[in-house]
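S.K.: Below is work.pdb; it holds PDB, C-alpha atoms.
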ATOM      1  CA  MET A   1      31.886  88.665   4.968
ATOM      2  CA  ALA A   2      34.746  89.746   2.709
ATOM      3  CA  GLY A   3      32.318  91.875   0.703
ATOM      4  CA  VAL A   4      31.246  93.773   3.807
ATOM      5  CA  VAL A   5      34.842  94.470   4.810
ATOM      6  CA  GLN A   6      35.650  95.650   1.276
ATOM      7  CA  PHE A   7      32.595  97.931   1.325
ATOM      8  CA  ILE A   8      33.667  99.490   4.633
ATOM      9  CA  LYS A   9      37.224 100.046   3.359
ATOM     10  CA  GLU A  10      35.989 101.675   0.157
ATOM     11  CA  SER A  11      33.492 103.805   2.049
ATOM     12  CA  TYR A  12      36.197 105.024   4.431
ATOM     13  CA  GLU A  13      38.509 105.831   1.513
ATOM     14  CA  GLU A  14      35.809 107.757  -0.279
ATOM     15  CA  MET A  15      34.813 109.743   2.806
ATOM     16  CA  THR A  16      38.396 110.695   3.678
ATOM     17  CA  GLN A  17      39.954 111.241   0.239
ATOM     18  CA  LYS A  18      37.269 111.879  -2.377
ATOM     19  CA  VAL A  19      34.625 113.928  -0.558
ATOM     20  CA  THR A  20      35.024 117.693  -0.487
ATOM     21  CA  TRP A  21      33.938 118.797   2.965
ATOM     22  CA  PRO A  22      32.737 122.385   3.479
ATOM     23  CA  THR A  23      34.805 124.839   5.454
ATOM     24  CA  TRP A  24      33.544 126.073   8.819
ATOM     25  CA  GLY A  25      32.462 129.370   7.242
ATOM     26  CA  GLU A  26      30.555 127.635   4.447
ATOM     27  CA  LEU A  27      28.852 125.414   6.992
ATOM     28  CA  GLN A  28      27.793 128.414   9.074
ATOM     29  CA  ASN A  29      26.454 130.226   5.993
ATOM     30  CA  SER A  30      24.445 127.169   4.988
ATOM     31  CA  ALA A  31      23.046 126.804   8.508
ATOM     32  CA  VAL A  32      21.949 130.444   8.573
ATOM     33  CA  LEU A  33      20.345 130.072   5.160
ATOM     34  CA  VAL A  34      18.392 127.006   6.288
ATOM     35  CA  LEU A  35      17.311 128.794   9.477
ATOM     36  CA  VAL A  36      16.054 131.857   7.599
ATOM     37  CA  ALA A  37      14.263 129.769   4.960
ATOM     38  CA  SER A  38      12.614 127.655   7.673
ATOM     39  CA  PHE A  39      11.455 130.774   9.486
ATOM     40  CA  ILE A  40       9.980 132.267   6.305
ATOM     41  CA  ILE A  41       8.172 129.024   5.460
ATOM     42  CA  ALA A  42       6.815 128.830   9.026
ATOM     43  CA  ILE A  43       5.468 132.383   8.746
ATOM     44  CA  VAL A  44       3.787 131.610   5.409
ATOM     45  CA  ILE A  45       2.160 128.455   6.802
ATOM     46  CA  PHE A  46       1.041 130.360   9.919
ATOM     47  CA  ALA A  47      -0.528 133.085   7.761
ATOM     48  CA  MET A  48      -2.302 130.510   5.580
ATOM     49  CA  ASP A  49      -3.640 128.751   8.683
ATOM     50  CA  LYS A  50      -4.925 131.959  10.256
ATOM     51  CA  GLY A  51      -6.420 133.108   6.942
ATOM     52  CA  SER A  52      -8.265 129.857   6.336
ATOM     53  CA  THR A  53      -9.473 129.828   9.957
ATOM     54  CA  PHE A  54     -10.851 133.348   9.552
ATOM     55  CA  VAL A  55     -12.582 132.500   6.273
ATOM     56  CA  LEU A  56     -14.139 129.302   7.621
ATOM     57  CA  ASP A  57     -15.252 130.948  10.887
ATOM     58  CA  THR A  58     -16.871 133.762   8.927
ATOM     59  CA  PHE A  59     -18.573 131.264   6.609
ATOM     60  CA  TYR A  60     -19.917 129.109   9.442
ATOM     61  CA  LYS A  61     -21.145 132.132  11.397
ATOM     62  CA  SER A  62     -23.024 133.369   8.324
ATOM     63  CA  LEU A  63     -24.772 129.971   8.040
ATOM     64  CA  SER A  64     -25.923 130.015  11.665
ATOM     65  CA  ASN A  65     -27.591 133.466  11.383
TER      66      ASN A  65
END
As structure tokens, please, write out the structure in this file.
M.R.:
Amino acid sequence: MAGVVQFIKESYEEMTQKVTWPTWGELQNSAVLVLVASFIIAIVIFAMDKGSTFVLDTFYKSLSN
């Protein structure tokens, strides 16, 4: 039990004194960056999905004729 208490004390000390927390502005910039990157990745995946659907539909329609 003493080891758990020591771990919690050391964790608290590290989180309050040794960690460099971002400023509010840095946090906002990072959030915007993640949002934009996620949107771009979503668009790329959407385009790949639509492209592969078009190619496969065209291929299957050519087999049925």
S.K.: Expressed in Å to a single decimal, how great is the separation between atom CA of Thr23 of chain A and atom CA of Phe7 of chain A?
M.R.: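 Separating atom CA of Thr23 of chain A from atom CA of Phe7 of chain A is a distance of 27.3 Å.
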S.K.: Please compute the atom CA of Val32 of chain A-atom CA of Thr16 of chain A distance, one decimal, in Å.
M.R.: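 Spanning atom CA of Val32 of chain A to atom CA of Thr16 of chain A is a straight-line distance of 26.2 Å.
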S.K.: Build an axis-aligned box that encloses every atom of segment 46-55 of chain A listed in the file, pad it by 4 Å on each side, and report its centre and edge lengths in Å to one decimal, as JSON.
M.R.:
{"center_x": -5.8, "center_y": 131.0, "center_z": 7.9, "size_x": 21.6, "size_y": 12.6, "size_z": 12.7}
S.K.: For atom CA of Ile43 of chain A and atom CA of Val55 of chain A, quote the distance in Å rounded to one decimal.
M.R.: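 Result for atom CA of Ile43 of chain A versus atom CA of Val55 of chain A: 18.2 Å, one decimal.
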